[in-house]
Every structure is written in C-alpha cells, then in structure tokens.
$ cat my_file_21.txt   # compact mmCIF, C-alpha atoms and all ligand atoms
# COMPACT_ATOMS: atom_id res chain seq x y z
CA MET A 28 63.46 74.93 47.47
CA ARG A 29 67.06 76.00 48.09
CA LYS A 30 68.60 78.02 45.35
CA SER A 31 72.19 77.40 44.45
CA LEU A 32 74.48 80.41 44.86
CA PHE A 33 75.83 79.76 41.39
CA ARG A 34 72.68 78.97 39.46
CA ASN A 35 74.31 80.09 36.30
CA PRO A 36 78.03 79.71 36.90
CA ARG A 37 79.21 81.27 33.67
CA PRO A 38 79.22 85.01 34.58
CA TRP A 39 80.96 84.21 37.87
CA MET A 40 83.50 82.04 36.17
CA MET A 41 84.18 84.72 33.59
CA LEU A 42 84.53 87.42 36.25
CA PHE A 43 86.88 85.24 38.31
CA THR A 44 88.98 84.31 35.29
CA GLY A 45 89.06 87.94 34.24
CA ILE A 46 90.34 89.11 37.64
CA LEU A 47 92.94 86.34 37.70
CA PHE A 48 94.09 87.27 34.20
CA ALA A 49 94.32 90.95 35.24
CA PHE A 50 96.72 89.95 38.02
CA PHE A 51 98.92 88.14 35.50
CA LEU A 52 98.91 91.20 33.25
CA VAL A 53 99.91 93.45 36.16
CA ALA A 54 102.95 91.23 36.64
CA CYS A 55 103.87 91.64 32.96
CA GLY A 56 103.75 95.43 32.88
CA ASP A 57 107.01 97.29 33.39
CA ASP A 58 106.64 100.97 32.60
CA THR A 59 109.60 101.90 34.79
CA PRO A 60 111.66 104.80 33.42
CA ALA A 61 114.86 103.63 31.73
CA GLN A 62 116.95 105.35 34.41
CA TYR A 63 116.00 102.58 36.84
CA GLY A 64 116.71 99.64 34.54
CA PRO A 65 114.78 96.34 34.34
CA HIS A 66 113.57 94.72 37.59
CA THR A 67 113.52 91.06 36.59
CA ILE A 68 115.55 88.13 37.94
CA LEU A 69 114.74 86.09 34.82
CA ASN A 70 116.41 88.36 32.29
CA THR A 71 119.92 88.00 33.72
CA ALA A 72 123.15 89.60 32.52
CA GLY A 73 125.93 88.08 34.61
CA PRO A 74 127.30 84.76 35.91
CA VAL A 75 126.07 85.13 39.52
CA ALA A 76 122.50 85.89 38.46
CA ASP A 77 122.70 83.18 35.76
CA SER A 78 123.57 80.59 38.36
CA GLU A 79 120.73 81.74 40.63
CA ARG A 80 118.26 81.73 37.74
CA PHE A 81 119.31 78.18 36.81
CA LEU A 82 118.56 77.01 40.36
CA PHE A 83 115.23 78.87 40.27
CA TYR A 84 114.19 77.06 37.07
CA ILE A 85 115.27 73.64 38.38
CA ILE A 86 113.20 74.06 41.56
CA LEU A 87 110.29 75.59 39.64
CA GLY A 88 110.35 72.66 37.18
CA ILE A 89 110.41 70.00 39.92
CA ALA A 90 107.72 71.77 41.96
CA THR A 91 105.48 72.25 38.91
CA THR A 92 105.79 68.58 37.90
CA ILE A 93 104.91 67.41 41.42
CA PHE A 94 102.01 69.88 41.59
CA VAL A 95 100.53 68.71 38.29
CA ILE A 96 100.89 64.99 39.14
CA VAL A 97 99.50 65.29 42.69
CA GLU A 98 96.65 67.65 41.79
CA GLY A 99 95.87 65.55 38.68
CA LEU A 100 95.60 62.34 40.72
CA LEU A 101 93.53 64.17 43.33
CA ILE A 102 91.05 65.58 40.81
CA TYR A 103 90.88 62.24 38.98
CA SER A 104 90.18 60.38 42.24
CA ILE A 105 87.53 62.88 43.31
CA MET A 106 85.68 62.42 40.02
CA ARG A 107 86.26 58.72 39.49
CA TYR A 108 85.58 57.48 43.03
CA ARG A 109 82.98 59.98 44.23
CA ASN A 110 79.98 58.71 46.11
CA ARG A 111 77.04 57.73 43.91
CA PRO A 112 73.52 56.70 44.97
CA GLY A 113 73.34 53.01 45.86
CA MET A 114 77.11 52.54 46.06
CA ALA A 115 78.42 49.90 48.44
CA GLU A 116 80.98 50.82 51.09
CA PRO A 117 84.42 50.78 49.41
CA TYR A 118 87.19 48.33 50.29
CA GLN A 119 88.88 49.40 53.56
CA ASN A 120 92.66 49.54 53.23
CA HIS A 121 94.91 49.61 56.32
CA GLY A 122 98.39 50.45 55.15
CA ASN A 123 100.49 49.41 52.16
CA LEU A 124 104.21 48.98 52.74
CA ARG A 125 105.21 49.35 49.10
CA VAL A 126 103.30 52.62 48.64
CA GLU A 127 104.60 54.02 51.93
CA VAL A 128 108.23 53.24 51.02
CA LEU A 129 107.71 54.80 47.60
CA TRP A 130 106.26 58.06 48.89
CA THR A 131 109.10 58.39 51.39
CA VAL A 132 111.97 57.50 49.06
CA ILE A 133 110.86 59.53 46.01
CA PRO A 134 110.55 62.89 47.86
CA ALA A 135 113.85 62.20 49.67
CA VAL A 136 115.61 61.61 46.32
CA ILE A 137 114.05 64.78 44.86
CA LEU A 138 115.15 66.84 47.87
CA PHE A 139 118.70 65.48 47.55
CA VAL A 140 118.74 66.52 43.90
CA VAL A 141 117.64 70.04 44.94
CA LEU A 142 120.28 70.05 47.69
CA GLY A 143 122.95 68.98 45.19
CA VAL A 144 122.22 71.76 42.68
CA THR A 145 121.91 74.28 45.52
CA ILE A 146 125.35 73.38 46.92
CA GLN A 147 126.82 73.51 43.42
CA GLY A 148 125.25 76.99 43.00
CA LEU A 149 126.65 78.12 46.36
CA PHE A 150 130.16 77.16 45.23
CA GLN A 151 129.64 78.90 41.90
CA VAL A 152 128.60 82.23 43.44
CA SER A 153 131.22 82.16 46.19
CA THR A 154 134.20 81.51 43.91
CA VAL A 155 135.54 84.83 42.65
CA PRO A 156 136.79 84.32 39.09
CA ALA A 157 140.28 85.44 38.10
CA GLY A 158 140.74 88.42 35.79
CA LYS A 159 140.09 92.15 35.85
CA SER A 160 138.41 93.43 39.00
CA ILE A 161 137.46 96.62 40.80
CA THR A 162 136.42 97.23 44.40
CA VAL A 163 133.38 99.21 45.47
CA ARG A 164 132.24 99.85 49.01
CA ALA A 165 128.43 99.91 49.15
CA VAL A 166 127.35 101.78 52.26
CA GLY A 167 123.71 101.46 53.28
CA HIS A 168 122.23 104.63 54.73
CA GLN A 169 118.65 105.29 55.79
CA TRP A 170 117.61 105.42 52.98
CA TRP A 171 120.07 105.64 50.10
CA TRP A 172 123.22 103.93 48.89
CA GLU A 173 126.66 105.47 48.95
CA PHE A 174 129.34 104.00 46.70
CA TYR A 175 133.00 104.53 47.49
CA TYR A 176 135.84 103.41 45.21
CA PRO A 177 138.93 102.96 47.42
CA ASP A 178 141.28 102.55 44.43
CA TYR A 179 140.14 105.82 42.85
CA ASN A 180 139.12 107.69 46.02
CA ILE A 181 135.77 108.77 44.67
CA THR A 182 132.36 108.74 46.26
CA THR A 183 128.99 108.77 44.63
CA ALA A 184 125.41 107.93 45.52
CA ASP A 185 122.42 106.18 43.96
CA SER A 186 124.39 104.82 40.96
CA LEU A 187 127.10 102.17 41.05
CA HIS A 188 129.31 102.46 37.99
CA ALA A 189 131.38 99.51 36.77
CA PRO A 190 132.99 98.32 33.55
CA VAL A 191 131.52 95.41 31.59
CA GLY A 192 133.17 91.98 31.89
CA THR A 193 134.91 92.97 35.10
CA VAL A 194 134.53 91.39 38.51
CA VAL A 195 133.09 93.94 40.94
CA ASN A 196 134.13 93.11 44.49
CA VAL A 197 131.57 94.73 46.76
CA GLN A 198 132.28 95.52 50.39
CA LEU A 199 129.01 95.91 52.27
CA TYR A 200 128.94 98.41 55.12
CA SER A 201 126.31 99.93 57.35
CA ASN A 202 126.56 102.03 60.49
CA ASN A 203 122.82 102.12 61.19
CA VAL A 204 120.47 99.19 60.56
CA ILE A 205 120.63 96.08 58.37
CA HIS A 206 120.17 96.70 54.63
CA SER A 207 120.45 94.26 51.77
CA PHE A 208 122.24 94.82 48.48
CA TRP A 209 120.41 93.42 45.46
CA ILE A 210 120.67 93.88 41.69
CA PRO A 211 118.11 91.36 40.34
CA ALA A 212 119.62 91.02 36.85
CA LEU A 213 123.20 90.75 38.12
CA THR A 214 123.27 89.27 41.61
CA GLY A 215 121.14 88.04 44.50
CA LYS A 216 120.86 89.63 47.92
CA THR A 217 123.56 90.05 50.56
CA ASP A 218 123.02 91.95 53.79
CA ASP A 219 124.84 95.09 54.96
CA ILE A 220 125.10 94.35 58.68
CA PRO A 221 126.44 96.95 61.14
CA GLY A 222 129.63 95.60 62.72
CA HIS A 223 129.85 92.68 60.31
CA ASN A 224 131.26 93.71 56.95
CA ASN A 225 130.08 91.28 54.28
CA THR A 226 131.61 90.98 50.86
CA LYS A 227 130.26 89.75 47.55
CA TRP A 228 131.11 89.88 43.87
CA PHE A 229 129.25 90.16 40.61
CA LYS A 230 130.06 90.65 36.98
CA ALA A 231 128.01 92.05 34.10
CA ASP A 232 128.28 90.50 30.63
CA LYS A 233 126.41 93.31 28.88
CA THR A 234 126.54 97.09 29.15
CA GLY A 235 123.37 98.75 30.36
CA VAL A 236 121.58 100.13 33.37
CA TYR A 237 120.39 97.57 35.91
CA TYR A 238 117.91 98.20 38.69
CA GLY A 239 119.08 97.66 42.26
CA GLU A 240 117.37 98.02 45.58
CA CYS A 241 117.54 97.42 49.29
CA ALA A 242 115.97 94.04 50.00
CA GLU A 243 115.81 94.15 53.80
CA PHE A 244 113.20 96.16 55.69
CA CYS A 245 115.16 99.08 57.14
CA GLY A 246 112.59 101.61 58.23
CA ALA A 247 109.79 103.79 56.91
CA GLN A 248 111.38 104.50 53.52
CA HIS A 249 112.80 101.04 52.83
CA ALA A 250 110.77 100.95 49.61
CA HIS A 251 112.57 104.11 48.46
CA MET A 252 116.09 102.80 48.79
CA ALA A 253 116.75 102.01 45.16
CA PHE A 254 119.90 102.45 43.12
CA ASN A 255 121.11 101.37 39.74
CA ALA A 256 124.21 99.73 38.36
CA VAL A 257 125.51 101.57 35.32
CA ILE A 258 127.61 99.08 33.37
CA ASP A 259 129.76 100.71 30.74
CA THR A 260 132.60 99.87 28.37
CA SER A 261 136.07 100.07 29.95
CA ASP A 262 136.82 103.31 28.10
CA ASN A 263 133.61 105.00 29.22
CA PHE A 264 134.13 103.78 32.76
CA ASN A 265 137.67 105.21 32.82
CA THR A 266 136.34 108.53 31.53
CA TRP A 267 133.72 108.47 34.27
CA VAL A 268 136.42 107.83 36.90
CA THR A 269 138.57 110.69 35.60
CA THR A 270 135.58 113.05 35.69
CA GLN A 271 134.60 111.97 39.19
CA GLN A 272 138.12 112.65 40.44
CA GLN A 273 137.91 116.30 39.39
CA ALA A 274 136.86 118.92 41.91
CA ALA A 275 133.50 120.52 41.27
CA VAL A 276 133.34 123.37 38.76
CA VAL A 277 133.44 126.85 40.24
CA PRO A 278 130.58 128.98 38.91
CA ALA A 279 131.26 132.37 37.29
CA THR A 280 130.97 135.29 39.70
CA GLY A 281 127.53 136.87 39.69
CA SER A 282 125.87 133.98 37.82
CA LEU A 283 122.69 132.20 38.92
CA GLU A 284 124.91 129.20 39.67
CA ALA A 285 127.13 131.30 41.93
CA GLN A 286 124.06 132.48 43.84
CA GLY A 287 123.08 128.82 44.23
CA ALA A 288 126.57 127.96 45.46
CA LYS A 289 126.24 130.64 48.13
CA ILE A 290 122.95 129.17 49.37
CA PHE A 291 124.53 125.74 49.27
CA SER A 292 127.33 126.94 51.55
CA GLY A 293 124.87 128.39 54.02
CA VAL A 294 122.17 125.73 54.09
CA CYS A 295 123.31 122.45 52.56
CA THR A 296 126.88 121.90 53.73
CA THR A 297 125.68 120.78 57.16
CA CYS A 298 124.80 117.48 55.52
CA HIS A 299 126.24 117.45 51.99
CA GLY A 300 129.78 117.57 50.71
CA ILE A 301 131.02 118.86 47.39
CA VAL A 302 134.68 118.24 46.67
CA GLY A 303 136.26 121.56 45.80
CA HIS A 304 133.26 123.56 46.92
CA GLY A 305 135.52 125.54 49.24
CA ALA A 306 137.15 127.04 46.17
CA ALA A 307 133.84 128.68 45.28
CA GLY A 308 134.21 131.07 48.21
CA SER A 309 132.58 129.05 50.95
CA ASP A 310 133.84 129.68 54.46
CA LYS A 311 133.54 125.95 55.16
CA GLY A 312 136.74 125.14 53.39
CA TYR A 313 137.45 122.07 51.32
CA ILE A 314 134.75 119.50 51.87
CA THR A 315 135.04 115.87 50.96
CA GLY A 316 131.90 113.85 50.98
CA TYR A 317 133.06 110.34 51.75
CA GLN A 318 132.61 109.31 55.34
CA ASP A 319 134.07 106.28 57.00
CA PRO A 320 130.93 104.20 57.58
CA LYS A 321 132.43 102.87 60.81
CA VAL A 322 132.12 106.40 62.22
CA ALA A 323 128.59 106.93 63.46
CA CYS A 324 127.06 110.10 62.06
CA ASP A 325 125.74 111.38 65.36
CA ASP A 326 128.41 113.85 66.51
CA PRO A 327 128.24 117.27 64.79
CA ASN A 328 131.88 117.93 65.70
CA LYS A 329 133.12 114.91 63.78
CA ALA A 330 133.81 115.22 60.10
CA CYS A 331 130.77 113.20 59.24
CA LEU A 332 128.08 114.17 56.80
CA VAL A 333 124.57 112.76 56.82
CA GLY A 334 123.74 113.30 53.14
CA PRO A 335 125.35 112.20 49.89
CA ASN A 336 128.40 113.79 48.33
CA LEU A 337 127.06 115.95 45.49
CA THR A 338 130.33 116.78 43.71
CA HIS A 339 129.11 115.52 40.32
CA PHE A 340 125.42 115.49 41.05
CA ALA A 341 124.41 116.60 37.55
CA GLN A 342 125.63 113.28 36.10
CA ARG A 343 123.41 111.14 38.31
CA ASN A 344 120.14 109.83 37.02
CA LEU A 345 118.33 109.21 40.32
CA ILE A 346 117.49 111.49 43.24
CA ALA A 347 117.28 110.60 46.92
CA GLY A 348 117.45 106.82 46.84
CA GLY A 349 115.61 106.63 43.54
CA VAL A 350 112.42 108.19 44.91
CA LEU A 351 112.60 110.48 41.87
CA VAL A 352 114.20 110.22 38.47
CA HIS A 353 116.68 113.00 37.75
CA ASN A 354 115.04 114.45 34.62
CA ARG A 355 117.76 116.92 33.70
CA ASP A 356 116.03 118.12 30.53
CA GLN A 357 113.24 119.57 32.67
CA CYS A 358 115.69 121.43 34.93
CA GLN A 359 117.58 123.55 32.40
CA ASP A 360 115.27 126.57 32.05
CA PRO A 361 115.27 128.43 35.39
CA ASN A 362 111.91 130.02 34.57
CA HIS A 363 110.23 126.69 33.87
CA LEU A 364 110.98 124.20 36.59
CA GLU A 365 107.38 122.95 36.95
CA ASN A 366 108.35 119.41 35.90
CA CYS A 367 111.89 119.42 37.27
CA ASN A 368 112.08 116.66 39.88
CA LEU A 369 115.10 118.24 41.55
CA ALA A 370 113.10 121.43 42.12
CA LYS A 371 110.19 119.36 43.50
CA TRP A 372 112.58 117.59 45.84
CA LEU A 373 114.13 120.83 47.12
CA ALA A 374 110.67 122.35 47.63
CA ASN A 375 109.32 119.51 49.74
CA PRO A 376 111.71 116.67 50.65
CA GLN A 377 109.56 115.54 53.59
CA GLY A 378 106.43 115.44 51.45
CA ILE A 379 108.13 113.29 48.81
CA LYS A 380 110.02 111.00 51.19
CA PRO A 381 108.58 111.36 54.72
CA GLY A 382 111.04 110.69 57.53
CA ASN A 383 114.24 111.15 55.53
CA ASP A 384 117.16 113.09 57.00
CA MET A 385 116.67 116.14 54.77
CA VAL A 386 114.77 118.38 57.16
CA LEU A 387 114.79 122.06 56.22
CA GLY A 388 114.30 124.43 59.16
CA VAL A 389 112.69 126.95 56.83
CA SER A 390 111.37 126.03 53.40
CA LEU A 391 113.41 127.27 50.46
CA THR A 392 111.84 130.12 48.48
CA PRO A 393 111.13 129.66 44.74
CA THR A 394 114.07 131.99 44.00
CA GLN A 395 116.43 129.96 46.18
CA ILE A 396 115.24 126.75 44.51
CA LYS A 397 115.85 128.27 41.08
CA GLN A 398 119.41 129.23 42.12
CA LEU A 399 120.15 125.87 43.76
CA VAL A 400 118.85 123.93 40.75
CA ALA A 401 121.09 126.02 38.47
CA TYR A 402 124.10 125.32 40.69
CA LEU A 403 123.47 121.58 41.13
CA GLU A 404 122.78 121.15 37.40
CA SER A 405 126.14 122.77 36.68
CA LEU A 406 127.99 120.06 38.66
CA ASN A 407 128.91 117.82 35.76
CU1 LIG B 501 117.71 99.69 53.36
CU2 LIG B 501 115.67 98.47 53.16

$ encode --input "my_file_21.txt" --output "structure tokens"
Amino acid sequence: MRKSLFRNPRPWMMLFTGILFAFFLVACGDDTPAQYGPHTILNTAGPVADSERFLFYIILGIATTIFVIVEGLLIYSIMRYRNRPGMAEPYQNHGNLRVEVLWTVIPAVILFVVLGVTIQGLFQVSTVPAGKSITVRAVGHQWWWEFYYPDYNITTADSLHAPVGTVVNVQLYSNNVIHSFWIPALTGKTDDIPGHNNTKWFKADKTGVYYGECAEFCGAQHAHMAFNAVIDTSDNFNTWVTTQQQAAVVPATGSLEAQGAKIFSGVCTTCHGIVGHGAAGSDKGYITGYQDPKVACDDPNKACLVGPNLTHFAQRNLIAGGVLVHNRDQCQDPNHLENCNLAKWLANPQGIKPGNDMVLGVSLTPTQIKQLVAYLESLN
C-alpha cells in the first residue's frame, strides 16, 4: 500500500506556516541605527514620495482585488466541479461571446484606470512647485555620494543637508558608471548617467534623517553606496552652511591632532581634500575638495581628487558610503579606540569595503591611526 507523503499534514502545515510567518517578521524588523534613517517607501515625508505611494496603493488595491476574485473562483470551481466517482462527462462548451467580450473589456478598462493615475502621477512629480528652493549637485562615485552646493560653494559627502519645506533641485552627475539616486521616504529613483545630466526635485515636509541609497548596480560595492538626507529647520540649515563654508580648524602645534595633520599631508592628500589644510603647514598648499564631475579622475596631474572632501568630517554621521556609522562618542579617547569605526576603517579599508579606492601602500600603525583619528575628529 502506498503511503501518502503527508500522512499527518498538521506538523508540516505548522512548519510551513511558521517559516512563512518568519519571513513576514523579517520584513517588519528595522534595527538600523538612527544615523541611516528609516528605509520605507510607505512612511513618506514629502509630496514626491506621497504621490508615488498613492500610485503604489492604487495598483496594490486593484491587483489584490483581482487576485482574490480570480483565485477565489478558481478554488471554488476546483472544489465544486471536481471529478467524483460515477460522474457523467460534463457539458462541452465551445466559446461564449458574452464572456469573451467581458474578460477583454474589463481588464482593458482597469489598465486604462492604472494608466490614467500613472500619467497624473508623472505630471505631479515632474512639476516643480514654486517657492523656496536650493540646488544640490549629487555626484555618484564608486561607491559614495558627493554633494556640492553651487550657491554656497561647499562640498560634502555621504549626507545631503537641506531645509524643511524647501524644494531641493538635484542635479545628477556621474563621470564613471550609472548610479541611481533614491531616498525612499522622500523621492523615487532617478539615474546618474555619465554624459547625460539628469535633474530631479524633492521636498521634505518634516525634519529628520532619511535613508538614501544608490539603486542601480554600479559594481562590487553597490550595496555600500548609501547616504542620508538630513532635513533641518531653516535656521539650523543656515548654521550648517555657515560652518561648512569655514576653512578647517588648524590644530595646536605639538598636539596629537597636529601629528595627525602631518600624516594627513603625507599620506591622505593624494586622494582627499581639506579646505584650509594648507594653513596647517602642509607643503601641498590650499586644497579644495570639490571636483568638477565632468573631469575624469584618471590624470594625477589634474586637480582631481578620488576621495571625499573631509573639511568638516567630524560632523558627518556616516563613513565611506555608509558602510560604517560614524560613532563619534567611541572615537574621543585616543587610548580606547577599540569600538571607534573611524579607527577600524583606517586600519583596514579594503577588509571593510573590498575594491574601494582607498588602497594604502603600507598599513597605518596604531599610533598613526590614533593621531589621524584625533585630527579628523577635530574637524568640526
Ligand atoms: Cu552606485 Cu549602485
């Protein structure tokens, strides 16, 4: 006698349901550090994302209704009209004009409804509203984001700062491969295409930190090309701008920070700029970190730096495209840097983010790391 695989279906059913439920729970969990901000597209905080979420719910609602009706009819028919012993051959039906017209017209009408709301959404997100605005150039590098503010002439990395209730006009640049700019809670994705400078806008209705990331596969570390949008009150934003426009602080002679600045001049300035660093006694002169993204960074004789401008590094809350959180509190005691992510990064950038451009010919010694951390943490 053949044994059924599922003689007693209950344990299997429970196991299956349990696994399925676990998947749902995984989707619910968000233990991301606050520095990254929330990842969701459903908890929106601006008109562009609101419009996209509305479209998402409309399509989800229509698709769910169709799924339930079709699957319901299917399951009902399977049960109701299944073959039973002694049943006669059912009535053979060859076509039904009315049914065929219905199942052609109804889906066509539904698709036109979806098309209509989609086109309306396209107009909504492409019309830049009047009012206060700022411009930010978002430059996609492999693999981190550079943000340049042409009106203020400041450059930063990993964090896009903007005031609340203000239209942010974003210019999307890349001089390497295609990246895609995405802040789930504020705006959908738009590509950074080399040689084709896209633009987009978004606006945040609430202050806060919002997670952003690159949404186009751009190489080995695509997954580590995150950033965040720091949305602040107008006053706080203006303070931030004023601070960013200052040259970097010059460390006191003989201090740990000054020793770090010296190492920085010797090792780091090949790739990184610090505005005003020249004043600290470097022989490299005055270095500005912003690079025209149209200039390819492949000629060492051109004024073109591969890494981010670190002028006010200490204020940033992410490191190296968000691969690490900048936990400043762990980086203040030079004798206890065990949990300092900046120290970890300096000790082994290729181990933390394999393939990135930060290749150290010779590893930094623990003393050098201590000095560099002190210097970089002083760059408020
Ligand atoms: Cu840049 Cu993916």

$ closest_residue --input "my_file_21.txt" --among "A:Val268, A:Ala242, A:Ala279, A:Leu399" --to "ligand LIG 501 (chain B)" --atoms "all atoms listed in the file"
A:Ala242

$ atom_distance --input "my_file_21.txt" --atom1 "CA of Val166 (chain A)" --atom2 "CA of His206 (chain A)"
9.1 Å

$ closest_residue --input "my_file_21.txt" --among "A:Ser207, A:Gln198, A:Ser282, A:Asn70" --to "ligand LIG 501 (chain B)" --atoms "all atoms listed in the file"
A:Ser207

$ residues_near_ligand --input "my_file_21.txt" --ligand "ligand LIG 501 (chain B)" --cutoff "7 Å" --atoms "all atoms listed in the file" --output "PyMOL selection string"
chain A and resi 167-170+205-207+241-246+249-250+252

$ closest_residue --input "my_file_21.txt" --among "A:Ile346, A:Ser160, A:Val126, A:Val400" --to "Asp178 (chain A)" --atoms "all atoms listed in the file"
A:Ser160

$ residues_near_point --input "my_file_21.txt" --point "(121.8, 89.2, 49.2)" --cutoff "10 Å" --atoms "all atoms listed in the file" --output "list of chain:residue names"
A:His206, A:Ser207, A:Phe208, A:Trp209, A:Ile210, A:Pro211, A:Thr214, A:Gly215, A:Lys216, A:Thr217, A:Asp218, A:Asp219, A:Asn225, A:Lys227, A:Cys241, A:Ala242, A:Glu243

$ atom_distance --input "my_file_21.txt" --atom1 "CA of Asn354 (chain A)" --atom2 "CA of Gln271 (chain A)"
20.2 Å

$ residues_near_point --input "my_file_21.txt" --point "(123.5, 103.7, 35.2)" --cutoff "6 Å" --atoms "all atoms listed in the file" --output "list of chain:residue names"
A:Ser186, A:Val236, A:Asn255, A:Ala256, A:Val257

$ residues_around --input "my_file_21.txt" --residues "Asp185 (chain A)" --least-positions-apart "2" --cutoff "8 Å" --atoms "all atoms listed in the file" --output "PDB file with C-alpha atoms, in the coordinates of the input"
ATOM      1  CA  TRP A 171     120.070 105.640  50.100  1.00  0.00           C
ATOM      2  CA  TRP A 172     123.220 103.930  48.890  1.00  0.00           C
ATOM      3  CA  GLU A 173     126.660 105.470  48.950  1.00  0.00           C
ATOM      4  CA  PHE A 174     129.340 104.000  46.700  1.00  0.00           C
ATOM      5  CA  THR A 183     128.990 108.770  44.630  1.00  0.00           C
ATOM      6  CA  LEU A 187     127.100 102.170  41.050  1.00  0.00           C
ATOM      7  CA  ALA A 253     116.750 102.010  45.160  1.00  0.00           C
ATOM      8  CA  PHE A 254     119.900 102.450  43.120  1.00  0.00           C
ATOM      9  CA  ASN A 255     121.110 101.370  39.740  1.00  0.00           C
ATOM     10  CA  ARG A 343     123.410 111.140  38.310  1.00  0.00           C
ATOM     11  CA  LEU A 345     118.330 109.210  40.320  1.00  0.00           C
ATOM     12  CA  ILE A 346     117.490 111.490  43.240  1.00  0.00           C
ATOM     13  CA  ALA A 347     117.280 110.600  46.920  1.00  0.00           C
ATOM     14  CA  GLY A 348     117.450 106.820  46.840  1.00  0.00           C
ATOM     15  CA  GLY A 349     115.610 106.630  43.540  1.00  0.00           C
TER      16      GLY A 349
END

$ atom_distance --input "my_file_21.txt" --atom1 "CA of Gly239 (chain A)" --atom2 "CA of Gln359 (chain A)"
27.7 Å

$ closest_residue --input "my_file_21.txt" --among "A:Gly64, A:Val144, A:Ala90, A:Pro361" --to "Thr234 (chain A)" --atoms "all atoms listed in the file"
A:Gly64

$ residues_around --input "my_file_21.txt" --residues "Leu369 (chain A)" --least-positions-apart "4" --cutoff "12 Å" --atoms "all atoms listed in the file" --output "ChimeraX atom specification"
/A:340-341,343-347,349-359,361,364-365,373-376,379,396-404
